[in-house]
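Structure file run-v7.tsv (TSV, C-alpha atoms) follows.
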chain	number	residue	atom	x	y	z
A	323	MET	CA	48.71	10.25	2.35
A	324	GLU	CA	46.16	10.90	-0.39
A	325	ARG	CA	44.47	14.27	-0.55
A	326	PRO	CA	40.87	14.06	0.78
A	327	GLU	CA	38.30	14.59	-1.98
A	328	LEU	CA	35.40	15.65	0.24
A	329	PRO	CA	35.27	19.19	1.67
A	330	LEU	CA	34.61	19.27	5.41
A	331	PRO	CA	31.55	21.61	5.24
A	332	GLN	CA	29.83	19.23	2.82
A	333	LEU	CA	30.76	16.21	4.94
A	334	HIS	CA	29.44	17.94	8.05
A	335	ALA	CA	26.19	18.85	6.26
A	336	PHE	CA	25.82	15.23	5.16
A	337	VAL	CA	26.24	13.88	8.72
A	338	VAL	CA	23.76	16.36	10.20
A	339	LEU	CA	21.15	15.61	7.53
A	340	ALA	CA	21.74	11.85	7.93
A	341	GLU	CA	21.13	12.21	11.67
A	342	GLU	CA	18.05	14.44	11.30
A	343	LEU	CA	16.60	12.98	8.06
A	344	HIS	CA	14.79	16.30	7.61
A	345	PHE	CA	16.14	19.20	5.52
A	346	GLY	CA	14.45	21.87	7.61
A	347	HIS	CA	15.71	20.48	10.94
A	348	ALA	CA	19.21	19.90	9.58
A	349	ALA	CA	19.41	23.43	8.15
A	350	ALA	CA	18.32	24.91	11.48
A	351	ARG	CA	20.93	22.83	13.32
A	352	LEU	CA	23.63	24.00	10.91
A	353	GLY	CA	22.49	27.62	11.15
A	354	ILE	CA	21.91	27.98	7.41
A	355	ALA	CA	18.92	28.22	5.08
A	356	GLN	CA	17.52	25.09	3.46
A	357	PRO	CA	18.55	25.92	-0.16
A	358	PRO	CA	22.30	26.20	0.67
A	359	LEU	CA	22.06	22.88	2.52
A	360	SER	CA	20.47	21.24	-0.52
A	361	GLN	CA	23.25	22.64	-2.73
A	362	GLN	CA	25.97	21.25	-0.44
A	363	ILE	CA	24.38	17.80	-0.47
A	364	ARG	CA	24.08	17.84	-4.26
A	365	ARG	CA	27.74	18.86	-4.63
A	366	LEU	CA	28.77	16.05	-2.27
A	367	GLU	CA	26.72	13.50	-4.19
A	368	TYR	CA	28.36	14.69	-7.41
A	369	LYS	CA	31.84	14.17	-5.89
A	370	VAL	CA	30.91	10.75	-4.52
A	371	GLY	CA	29.28	9.76	-7.80
A	372	HIS	CA	26.15	8.27	-6.19
A	373	PRO	CA	23.02	9.63	-4.53
A	374	LEU	CA	23.25	9.60	-0.74
A	375	PHE	CA	19.63	10.36	0.09
A	376	ARG	CA	16.23	9.42	-1.30
A	377	ARG	CA	13.99	12.48	-1.41
A	378	GLU	CA	10.36	11.47	-1.13
A	379	PRO	CA	7.31	13.56	-0.26
A	380	GLY	CA	7.38	14.14	3.49
A	381	ARG	CA	10.49	12.00	4.18
A	382	VAL	CA	14.23	11.69	3.57
A	383	THR	CA	16.10	8.36	3.82
A	384	LEU	CA	19.64	7.23	3.27
A	385	THR	CA	20.57	5.24	0.19
A	386	PRO	CA	22.89	2.22	0.57
A	387	ALA	CA	25.79	4.52	-0.45
A	388	GLY	CA	24.72	7.02	2.21
A	389	ARG	CA	24.54	4.33	4.88
A	390	GLU	CA	28.05	3.22	3.94
A	391	LEU	CA	29.46	6.74	4.09
A	392	LEU	CA	27.83	7.80	7.37
A	393	PRO	CA	30.02	5.93	9.95
A	394	ALA	CA	33.22	6.87	8.11
A	395	ALA	CA	32.13	10.52	7.97
A	396	GLN	CA	31.22	10.52	11.68
A	397	ARG	CA	34.59	9.01	12.60
A	398	ALA	CA	36.48	11.50	10.42
A	399	LEU	CA	34.69	14.51	11.90
A	400	GLY	CA	35.04	13.13	15.44
A	401	GLU	CA	38.76	12.47	15.06
A	402	LEU	CA	39.29	15.92	13.60
A	403	ALA	CA	37.40	17.52	16.50
A	404	ASN	CA	39.43	15.51	19.02
A	405	GLY	CA	42.67	16.40	17.24
A	406	LEU	CA	41.84	20.09	17.22
A	407	ALA	CA	40.99	19.96	20.93
A	408	ALA	CA	44.32	18.25	21.67
A	409	VAL	CA	46.25	20.78	19.58
A	410	ARG	CA	44.56	23.68	21.35
A	411	ALA	CA	45.25	22.13	24.76
A	412	VAL	CA	48.95	21.71	23.94
A	413	GLY	CA	49.18	25.17	22.40
A	414	SER	CA	47.66	26.78	25.47
A	415	GLY	CA	49.86	24.82	27.89
A	416	ARG	CA	47.02	22.67	29.30
A	417	ALA	CA	48.36	19.38	27.90
A	418	GLY	CA	51.54	17.84	26.54
A	419	ARG	CA	54.78	16.59	28.06
A	420	LEU	CA	57.25	18.53	30.22
A	421	ARG	CA	60.72	17.08	30.94
A	422	ILE	CA	62.12	18.23	34.28
A	423	GLY	CA	65.57	17.56	35.70
A	424	PHE	CA	66.23	17.94	39.43
A	425	ALA	CA	69.08	17.67	41.87
A	426	ALA	CA	68.51	14.72	44.21
A	427	SER	CA	68.51	16.81	47.38
A	428	LEU	CA	65.55	18.85	46.05
A	429	ALA	CA	63.33	15.80	46.50
A	430	LEU	CA	63.70	16.63	50.21
A	431	THR	CA	62.66	20.28	49.87
A	432	VAL	CA	61.01	22.18	47.02
A	433	LEU	CA	60.27	19.46	44.45
A	434	PRO	CA	57.30	17.55	45.97
A	435	GLN	CA	55.15	20.63	46.62
A	436	LEU	CA	56.12	22.19	43.31
A	437	LEU	CA	54.97	19.11	41.40
A	438	ARG	CA	51.74	18.93	43.41
A	439	ASP	CA	51.00	22.60	42.66
A	440	PHE	CA	51.67	22.16	38.94
A	441	ARG	CA	49.62	18.96	38.62
A	442	GLN	CA	46.72	20.63	40.40
A	443	ARG	CA	46.79	23.51	37.90
A	444	PHE	CA	47.47	21.37	34.81
A	445	PRO	CA	46.28	17.79	35.36
A	446	GLY	CA	46.44	17.04	31.63
A	447	VAL	CA	50.22	17.57	31.41
A	448	HIS	CA	52.51	14.52	31.58
A	449	LEU	CA	55.56	15.27	33.77
A	450	ASP	CA	58.74	13.37	32.87
A	451	ILE	CA	60.86	13.73	36.05
A	452	ARG	CA	64.59	12.93	35.85
A	453	GLU	CA	67.05	12.91	38.75
A	454	MET	CA	70.25	14.53	37.44
A	455	THR	CA	73.21	16.45	38.79
A	456	THR	CA	74.00	19.96	37.58
A	457	THR	CA	76.38	19.32	34.68
A	458	PRO	CA	74.17	16.69	32.98
A	459	GLN	CA	71.16	18.98	33.40
A	460	ILE	CA	72.94	21.86	31.68
A	461	ALA	CA	73.98	19.56	28.81
A	462	ALA	CA	70.44	18.17	28.46
A	463	LEU	CA	68.94	21.67	28.36
A	464	ARG	CA	71.33	22.64	25.58
A	465	ASP	CA	70.59	19.40	23.68
A	466	ARG	CA	66.83	19.97	24.06
A	467	THR	CA	66.32	16.66	25.83
A	468	LEU	CA	65.24	18.55	28.97
A	469	ASP	CA	62.82	21.48	29.25
A	470	ILE	CA	63.31	22.65	32.84
A	471	GLY	CA	66.24	22.17	35.23
A	472	LEU	CA	66.24	22.51	39.02
A	473	LEU	CA	69.86	22.60	40.10
A	474	ARG	CA	72.33	23.85	42.67
A	475	GLU	CA	74.87	26.63	42.27
A	476	PRO	CA	74.64	26.92	38.46
A	477	GLU	CA	77.16	28.97	36.58
A	478	ASP	CA	74.93	31.67	35.12
A	479	ALA	CA	77.25	32.78	32.31
A	480	ASP	CA	75.50	30.83	29.56
A	481	PRO	CA	73.88	32.79	26.70
A	482	GLU	CA	71.64	29.83	25.74
A	483	LEU	CA	70.06	29.48	29.18
A	484	ALA	CA	68.21	31.63	31.68
A	485	PHE	CA	68.34	31.13	35.45
A	486	ARG	CA	66.15	32.23	38.35
A	487	THR	CA	66.79	31.60	42.04
A	488	VAL	CA	64.16	29.35	43.62
A	489	LEU	CA	65.50	29.20	47.16
A	490	THR	CA	68.62	29.35	49.28
A	491	GLU	CA	69.36	27.12	52.24
A	492	PRO	CA	72.21	26.93	54.75
A	493	PHE	CA	75.07	24.47	54.65
A	494	VAL	CA	75.54	21.98	57.47
A	495	ALA	CA	78.51	19.94	58.62
A	496	VAL	CA	78.03	16.21	58.07
A	497	LEU	CA	79.86	14.28	60.80
A	498	PRO	CA	80.12	10.69	62.05
A	499	SER	CA	77.92	10.44	65.13
A	500	THR	CA	81.06	9.58	67.16
A	501	HIS	CA	82.88	12.78	66.13
A	502	PRO	CA	83.79	14.99	69.13
A	503	LEU	CA	82.33	18.11	67.46
A	504	THR	CA	78.82	16.60	67.62
A	505	ALA	CA	78.75	17.79	71.22
A	506	HIS	CA	78.17	21.33	69.87
A	507	ARG	CA	75.02	22.69	68.17
A	508	THR	CA	77.15	24.61	65.66
A	509	VAL	CA	80.60	23.85	64.33
A	510	PRO	CA	83.12	26.56	63.42
A	511	LEU	CA	84.20	25.53	59.95
A	512	ALA	CA	87.87	26.16	60.78
A	513	GLN	CA	87.72	23.27	63.27
A	514	LEU	CA	87.31	20.86	60.35
A	515	ALA	CA	90.65	21.92	58.87
A	516	GLY	CA	92.43	18.70	59.81
A	517	SER	CA	89.64	16.36	58.81
A	518	PRO	CA	89.47	14.29	55.61
A	519	PHE	CA	86.53	15.25	53.38
A	520	VAL	CA	84.03	13.29	51.31
A	521	LEU	CA	82.57	15.45	48.49
A	522	LEU	CA	80.69	15.26	45.23
A	523	PRO	CA	83.14	15.28	42.28
A	524	ARG	CA	83.57	18.69	40.66
A	525	GLU	CA	82.68	17.48	37.16
A	526	ILE	CA	79.03	16.76	38.07
A	527	GLY	CA	78.48	20.08	39.86
A	528	PRO	CA	81.34	22.54	39.55
A	529	GLY	CA	79.43	25.44	41.10
A	530	LEU	CA	78.52	23.54	44.27
A	531	HIS	CA	81.95	21.94	44.56
A	532	ASP	CA	83.66	25.32	44.23
A	533	ARG	CA	81.24	26.87	46.72
A	534	ILE	CA	82.13	24.27	49.35
A	535	THR	CA	85.88	24.45	48.79
A	536	GLY	CA	85.61	28.26	48.72
A	537	LEU	CA	84.00	28.25	52.16
A	538	CYS	CA	86.87	26.13	53.44
A	539	THR	CA	89.41	28.48	51.88
A	540	ALA	CA	87.69	31.44	53.52
A	541	ALA	CA	87.96	29.58	56.85
A	542	GLY	CA	91.72	29.30	56.35
A	543	PHE	CA	92.29	25.81	54.94
A	544	THR	CA	92.10	23.69	51.81
A	545	PRO	CA	89.94	20.61	52.31
A	546	ARG	CA	91.76	17.29	52.05
A	547	ILE	CA	89.40	15.28	49.85
A	548	VAL	CA	89.86	11.53	50.34
A	549	GLN	CA	86.76	10.26	48.57
A	550	HIS	CA	84.18	11.37	46.00
A	551	ALA	CA	80.56	10.17	45.70
A	552	VAL	CA	77.98	11.24	43.14
A	553	GLU	CA	74.93	11.05	45.46
A	554	TRP	CA	74.40	12.77	48.81
A	555	GLN	CA	73.09	9.55	50.31
A	556	THR	CA	76.39	7.88	49.42
A	557	VAL	CA	78.34	10.83	50.82
A	558	CYS	CA	76.49	10.47	54.13
A	559	ALA	CA	76.95	6.68	54.14
A	560	LEU	CA	80.71	7.12	53.72
A	561	VAL	CA	80.77	9.72	56.50
A	562	GLU	CA	78.91	7.22	58.69
A	563	THR	CA	81.76	4.74	58.25
A	564	GLY	CA	84.20	7.32	59.61
A	565	LEU	CA	85.92	7.85	56.26
A	566	GLY	CA	85.65	11.63	56.60
A	567	VAL	CA	83.36	14.63	57.05
A	568	SER	CA	81.46	16.72	54.56
A	569	LEU	CA	79.52	19.93	53.97
A	570	ALA	CA	76.03	19.62	52.52
A	571	PRO	CA	72.79	21.54	52.00
A	572	ALA	CA	70.68	21.59	55.18
A	573	SER	CA	67.89	19.59	53.52
A	574	ILE	CA	70.15	16.52	53.71
A	575	ARG	CA	69.27	16.32	57.41
A	576	ARG	CA	65.93	14.78	56.40
A	577	MET	CA	67.72	11.56	55.48
A	578	ARG	CA	68.07	10.80	59.23
A	579	LEU	CA	70.89	8.27	58.95
A	580	ARG	CA	71.54	6.62	62.30
A	581	GLY	CA	75.33	6.97	62.37
A	582	VAL	CA	75.49	10.53	60.98
A	583	ALA	CA	75.13	13.85	62.79
A	584	PHE	CA	74.34	17.19	61.15
A	585	ARG	CA	75.46	20.44	62.73
A	586	GLY	CA	75.04	24.05	61.71
A	587	LEU	CA	78.10	26.02	60.64
A	588	GLY	CA	79.42	29.05	62.44
A	589	PRO	CA	80.12	31.84	62.56
A	590	GLY	CA	77.66	33.31	60.04
A	591	THR	CA	75.21	31.46	57.81
A	592	ALA	CA	76.79	30.21	54.59
A	593	ARG	CA	74.03	29.31	52.14
A	594	THR	CA	73.67	27.37	48.90
A	595	ARG	CA	71.52	28.51	45.99
A	596	VAL	CA	68.94	26.49	44.08
A	597	ALA	CA	67.89	27.81	40.66
A	598	VAL	CA	65.49	26.93	37.88
A	599	ALA	CA	67.03	26.91	34.39
A	600	TRP	CA	65.46	26.93	30.93
A	601	ARG	CA	66.37	27.78	27.33
A	602	THR	CA	66.06	31.47	26.57
A	603	ASN	CA	64.47	30.82	23.16
A	604	ASP	CA	62.09	28.06	24.29
A	605	GLU	CA	58.54	28.72	23.03
A	606	ASN	CA	57.00	25.72	24.80
A	607	PRO	CA	53.99	27.10	26.73
A	608	LEU	CA	54.47	24.37	29.36
A	609	VAL	CA	57.81	25.94	30.30
A	610	THR	CA	56.04	29.25	30.86
A	611	GLN	CA	53.39	27.52	32.97
A	612	MET	CA	56.03	25.83	35.15
A	613	LEU	CA	57.91	29.10	35.62
A	614	GLU	CA	54.66	30.77	36.67
A	615	THR	CA	54.00	27.95	39.13
A	616	ILE	CA	57.49	28.35	40.60
A	617	GLY	CA	56.98	32.12	40.82
A	618	ARG	CA	53.87	31.62	42.96
A	619	ARG	CA	55.84	29.90	45.69
What is this structure when it is put down as structure tokens?
Amino acid sequence: MERPELPLPQLHAFVVLAEELHFGHAAARLGIAQPPLSQQIRRLEYKVGHPLFRREPGRVTLTPAGRELLPAAQRALGELANGLAAVRAVGSGRAGRLRIGFAASLALTVLPQLLRDFRQRFPGVHLDIREMTTTPQIAALRDRTLDIGLLREPEDADPELAFRTVLTEPFVAVLPSTHPLTAHRTVPLAQLAGSPFVLLPREIGPGLHDRITGLCTAAGFTPRIVQHAVEWQTVCALVETGLGVSLAPASIRRMRLRGVAFRGLGPGTARTRVAVAWRTNDENPLVTQMLETIGRR
């Protein structure tokens, strides 16, 4: 790109004078005295190499060169003003693009209202929403292809990332509707000891997988996993077929699958944690704005 030859103050003075066609009015609009305005116009004409105005007693008119320059000067100043406004909006966190990863089950709980709240506060921000399990979210945050992660049971020991708990919710037993334990409102976890289990694979969410198997261990058994599925909807569909049982966050009950029953666990109230994650050194103001929005909940 070639270096512009025309200083912006002179170009601005030219446009104002071309619009007013009166040195006194143009100087007042610019907030300067008339002699400095005349000097700026003369310097601009020297740089251009042609007169831009005809000065006649009682009137000022544009020369052909001035008429040619005016629309280009107006466009240049307008584009610069728009560009500066856009830069300031992005720099202040009022515009730009924010990439958000989320665990699928959060679409049933915290995510919809969170996005509504953020969009109400910052309507000029484009939200790039990506459904991802925990491990891919962590990798994307490290690779800077994701700005914010909403995930379950993250492993907090990561010096590159920061975590904050958003909510906790209880686990429920996921049973075929024909299972004898559906006769009870709550299911002692130990009574599932002999049942086959359908779970998410550990590699996509090690924290959640270990939390579920840890609950089983605490209840006195190791779950016999017969099938893995990467989505909770698939887990529930496989449970519906009678392939096994599962443990899931309570929000899964909103799926309302006809052949699946959800029951609370007893005794006690085992809970799963949802956290927001971000890069500790991220200077993106949109990340700060999202964290503030989450903190208001």
Could you pull the residues within 9 Å of stretch 361-374 of chain A, counting all atoms listed in the file, minus those fewer than 3 positions along the same chain, as a short mmCIF file (atom, residue, chain, number, x, y, z; two decimals) with C-alpha atoms, keeping the file's coordinate frame?
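Result file is result.cif:
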data_model
loop_
_atom_site.label_atom_id
_atom_site.label_comp_id
_atom_site.auth_asym_id
_atom_site.auth_seq_id
_atom_site.Cartn_x
_atom_site.Cartn_y
_atom_site.Cartn_z
CA GLU A 327 38.30 14.59 -1.98
CA LEU A 328 35.40 15.65 0.24
CA PRO A 329 35.27 19.19 1.67
CA PRO A 331 31.55 21.61 5.24
CA GLN A 332 29.83 19.23 2.82
CA LEU A 333 30.76 16.21 4.94
CA ALA A 335 26.19 18.85 6.26
CA PHE A 336 25.82 15.23 5.16
CA LEU A 339 21.15 15.61 7.53
CA GLN A 356 17.52 25.09 3.46
CA PRO A 357 18.55 25.92 -0.16
CA PRO A 358 22.30 26.20 0.67
CA THR A 383 16.10 8.36 3.82
CA LEU A 384 19.64 7.23 3.27
CA THR A 385 20.57 5.24 0.19
CA PRO A 386 22.89 2.22 0.57
CA ALA A 387 25.79 4.52 -0.45
CA GLY A 388 24.72 7.02 2.21
CA ARG A 389 24.54 4.33 4.88
CA LEU A 391 29.46 6.74 4.09
#
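For the residues A:Ala348, A:Val596, A:Leu343, A:Ala429, ranking by smallest atom-to-atom distance to A:Arg576 using all atoms listed in the file places A:Ala429 first.
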Can you pull out the residues contacting stretch 442-456 of chain A? Cut-off 9 Å, using all atoms listed in the file, and skip same-chain residues under 4 positions away; I want them as number ranges by chain.
A: 411-412, 415-426, 437-438, 460-461, 468, 471-476, 526-530, 552-553, 608, 611, 615
Between A:Ser427, A:Gln396, A:Ser360, A:Thr490, which has the minimum distance to A:Glu341 (counting only C-alpha atoms)?
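Counting only C-alpha atoms, the residue closest to A:Glu341 is A:Gln396.
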To test the calculation: enclose all listed atoms of stretch 442-452 of chain A in a box whose edges run along x, y and z, add 3 Å on each side, then state centre and edge lengths in Å to one decimal, as AutoDock Vina command-line options.
--center_x 55.4 --center_y 18.2 --center_z 35.9 --size_x 24.3 --size_y 16.6 --size_z 15.0
Two-atom distance - atom CA of A:Arg595, atom CA of A:Glu491 (Å)
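These two atoms are separated by 6.8 Å.
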Which residue gives the smallest distance to A:Ala398 among A:His334, A:Pro498, A:Asn603, A:Arg507, with only C-alpha atoms counted?
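Under the stated criterion, the closest residue is A:His334.
From atom CA of A:Thr544 back to atom CA of A:Glu562, the distance works out to 22.2 Å.
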For the structure just given, write the atoms of stretch 376-388 of chain A, namely all heavy atoms, as a PDB file, in the first residue's frame.
ATOM      1  N   ARG A 376     -11.971  28.286  -6.494  1.00  0.00           N
ATOM      2  CA  ARG A 376     -11.885  29.624  -7.080  1.00  0.00           C
ATOM      3  C   ARG A 376     -12.325  30.619  -6.010  1.00  0.00           C
ATOM      4  O   ARG A 376     -13.429  30.516  -5.470  1.00  0.00           O
ATOM      5  CB  ARG A 376     -12.792  29.740  -8.301  1.00  0.00           C
ATOM      6  CG  ARG A 376     -12.373  28.907  -9.493  1.00  0.00           C
ATOM      7  CD  ARG A 376     -13.188  29.298 -10.721  1.00  0.00           C
ATOM      8  NE  ARG A 376     -12.867  28.417 -11.850  1.00  0.00           N
ATOM      9  CZ  ARG A 376     -13.573  27.342 -12.169  1.00  0.00           C
ATOM     10  NH1 ARG A 376     -14.604  26.987 -11.416  1.00  0.00           N
ATOM     11  NH2 ARG A 376     -13.232  26.599 -13.210  1.00  0.00           N
ATOM     12  N   ARG A 377     -11.457  31.575  -5.701  1.00  0.00           N
ATOM     13  CA  ARG A 377     -11.788  32.608  -4.736  1.00  0.00           C
ATOM     14  C   ARG A 377     -12.217  33.863  -5.505  1.00  0.00           C
ATOM     15  O   ARG A 377     -11.406  34.482  -6.195  1.00  0.00           O
ATOM     16  CB  ARG A 377     -10.600  32.954  -3.848  1.00  0.00           C
ATOM     17  CG  ARG A 377     -10.250  31.873  -2.819  1.00  0.00           C
ATOM     18  CD  ARG A 377      -9.075  31.088  -3.292  1.00  0.00           C
ATOM     19  NE  ARG A 377      -8.463  30.266  -2.229  1.00  0.00           N
ATOM     20  CZ  ARG A 377      -7.853  29.136  -2.463  1.00  0.00           C
ATOM     21  NH1 ARG A 377      -7.780  28.673  -3.714  1.00  0.00           N
ATOM     22  NH2 ARG A 377      -7.309  28.465  -1.481  1.00  0.00           N
ATOM     23  N   GLU A 378     -13.444  34.197  -5.396  1.00  0.00           N
ATOM     24  CA  GLU A 378     -13.993  35.379  -6.047  1.00  0.00           C
ATOM     25  C   GLU A 378     -14.656  36.251  -4.987  1.00  0.00           C
ATOM     26  O   GLU A 378     -15.057  35.749  -3.925  1.00  0.00           O
ATOM     27  CB  GLU A 378     -15.008  34.975  -7.129  1.00  0.00           C
ATOM     28  CG  GLU A 378     -14.417  34.106  -8.238  1.00  0.00           C
ATOM     29  CD  GLU A 378     -15.473  33.591  -9.194  1.00  0.00           C
ATOM     30  OE1 GLU A 378     -16.680  33.851  -8.934  1.00  0.00           O
ATOM     31  OE2 GLU A 378     -15.098  32.934 -10.172  1.00  0.00           O
ATOM     32  N   PRO A 379     -14.765  37.543  -5.236  1.00  0.00           N
ATOM     33  CA  PRO A 379     -15.395  38.420  -4.252  1.00  0.00           C
ATOM     34  C   PRO A 379     -16.798  37.928  -3.875  1.00  0.00           C
ATOM     35  O   PRO A 379     -17.662  37.746  -4.737  1.00  0.00           O
ATOM     36  CB  PRO A 379     -15.454  39.784  -4.962  1.00  0.00           C
ATOM     37  CG  PRO A 379     -14.353  39.727  -5.970  1.00  0.00           C
ATOM     38  CD  PRO A 379     -14.304  38.302  -6.422  1.00  0.00           C
ATOM     39  N   GLY A 380     -16.959  37.620  -2.598  1.00  0.00           N
ATOM     40  CA  GLY A 380     -18.278  37.223  -2.094  1.00  0.00           C
ATOM     41  C   GLY A 380     -18.648  35.778  -2.354  1.00  0.00           C
ATOM     42  O   GLY A 380     -19.742  35.348  -1.966  1.00  0.00           O
ATOM     43  N   ARG A 381     -17.779  34.980  -2.993  1.00  0.00           N
ATOM     44  CA  ARG A 381     -18.154  33.574  -3.242  1.00  0.00           C
ATOM     45  C   ARG A 381     -16.922  32.697  -3.413  1.00  0.00           C
ATOM     46  O   ARG A 381     -15.849  33.168  -3.792  1.00  0.00           O
ATOM     47  CB  ARG A 381     -19.055  33.465  -4.472  1.00  0.00           C
ATOM     48  CG  ARG A 381     -18.408  33.880  -5.768  1.00  0.00           C
ATOM     49  CD  ARG A 381     -19.378  33.818  -6.905  1.00  0.00           C
ATOM     50  NE  ARG A 381     -19.897  32.462  -7.133  1.00  0.00           N
ATOM     51  CZ  ARG A 381     -20.236  32.027  -8.331  1.00  0.00           C
ATOM     52  NH1 ARG A 381     -20.117  32.809  -9.404  1.00  0.00           N
ATOM     53  NH2 ARG A 381     -20.703  30.808  -8.483  1.00  0.00           N
ATOM     54  N   VAL A 382     -17.107  31.411  -3.069  1.00  0.00           N
ATOM     55  CA  VAL A 382     -16.071  30.391  -3.238  1.00  0.00           C
ATOM     56  C   VAL A 382     -16.703  29.241  -4.007  1.00  0.00           C
ATOM     57  O   VAL A 382     -17.810  28.788  -3.674  1.00  0.00           O
ATOM     58  CB  VAL A 382     -15.541  29.887  -1.877  1.00  0.00           C
ATOM     59  CG1 VAL A 382     -14.517  28.776  -2.079  1.00  0.00           C
ATOM     60  CG2 VAL A 382     -14.941  31.034  -1.081  1.00  0.00           C
ATOM     61  N   THR A 383     -16.036  28.743  -5.044  1.00  0.00           N
ATOM     62  CA  THR A 383     -16.541  27.602  -5.808  1.00  0.00           C
ATOM     63  C   THR A 383     -15.426  26.584  -6.012  1.00  0.00           C
ATOM     64  O   THR A 383     -14.240  26.915  -5.923  1.00  0.00           O
ATOM     65  CB  THR A 383     -17.073  28.052  -7.192  1.00  0.00           C
ATOM     66  OG1 THR A 383     -16.010  28.704  -7.900  1.00  0.00           O
ATOM     67  CG2 THR A 383     -18.262  28.983  -7.034  1.00  0.00           C
ATOM     68  N   LEU A 384     -15.820  25.384  -6.269  1.00  0.00           N
ATOM     69  CA  LEU A 384     -14.863  24.313  -6.528  1.00  0.00           C
ATOM     70  C   LEU A 384     -14.383  24.382  -7.971  1.00  0.00           C
ATOM     71  O   LEU A 384     -15.169  24.630  -8.895  1.00  0.00           O
ATOM     72  CB  LEU A 384     -15.496  22.944  -6.273  1.00  0.00           C
ATOM     73  CG  LEU A 384     -15.659  22.519  -4.820  1.00  0.00           C
ATOM     74  CD1 LEU A 384     -16.621  21.343  -4.718  1.00  0.00           C
ATOM     75  CD2 LEU A 384     -14.311  22.147  -4.209  1.00  0.00           C
ATOM     76  N   THR A 385     -13.099  24.120  -8.160  1.00  0.00           N
ATOM     77  CA  THR A 385     -12.555  23.943  -9.506  1.00  0.00           C
ATOM     78  C   THR A 385     -12.864  22.523  -9.968  1.00  0.00           C
ATOM     79  O   THR A 385     -13.291  21.674  -9.184  1.00  0.00           O
ATOM     80  CB  THR A 385     -11.039  24.160  -9.502  1.00  0.00           C
ATOM     81  OG1 THR A 385     -10.441  23.125  -8.715  1.00  0.00           O
ATOM     82  CG2 THR A 385     -10.666  25.518  -8.925  1.00  0.00           C
ATOM     83  N   PRO A 386     -12.654  22.208 -11.250  1.00  0.00           N
ATOM     84  CA  PRO A 386     -12.825  20.812 -11.685  1.00  0.00           C
ATOM     85  C   PRO A 386     -11.983  19.838 -10.854  1.00  0.00           C
ATOM     86  O   PRO A 386     -12.444  18.734 -10.532  1.00  0.00           O
ATOM     87  CB  PRO A 386     -12.384  20.848 -13.147  1.00  0.00           C
ATOM     88  CG  PRO A 386     -12.700  22.241 -13.589  1.00  0.00           C
ATOM     89  CD  PRO A 386     -12.408  23.115 -12.388  1.00  0.00           C
ATOM     90  N   ALA A 387     -10.746  20.217 -10.501  1.00  0.00           N
ATOM     91  CA  ALA A 387      -9.912  19.344  -9.663  1.00  0.00           C
ATOM     92  C   ALA A 387     -10.538  19.163  -8.290  1.00  0.00           C
ATOM     93  O   ALA A 387     -10.522  18.071  -7.716  1.00  0.00           O
ATOM     94  CB  ALA A 387      -8.500  19.930  -9.548  1.00  0.00           C
ATOM     95  N   GLY A 388     -11.109  20.233  -7.745  1.00  0.00           N
ATOM     96  CA  GLY A 388     -11.764  20.146  -6.441  1.00  0.00           C
ATOM     97  C   GLY A 388     -12.978  19.256  -6.478  1.00  0.00           C
ATOM     98  O   GLY A 388     -13.221  18.463  -5.560  1.00  0.00           O
TER      99      GLY A 388
END
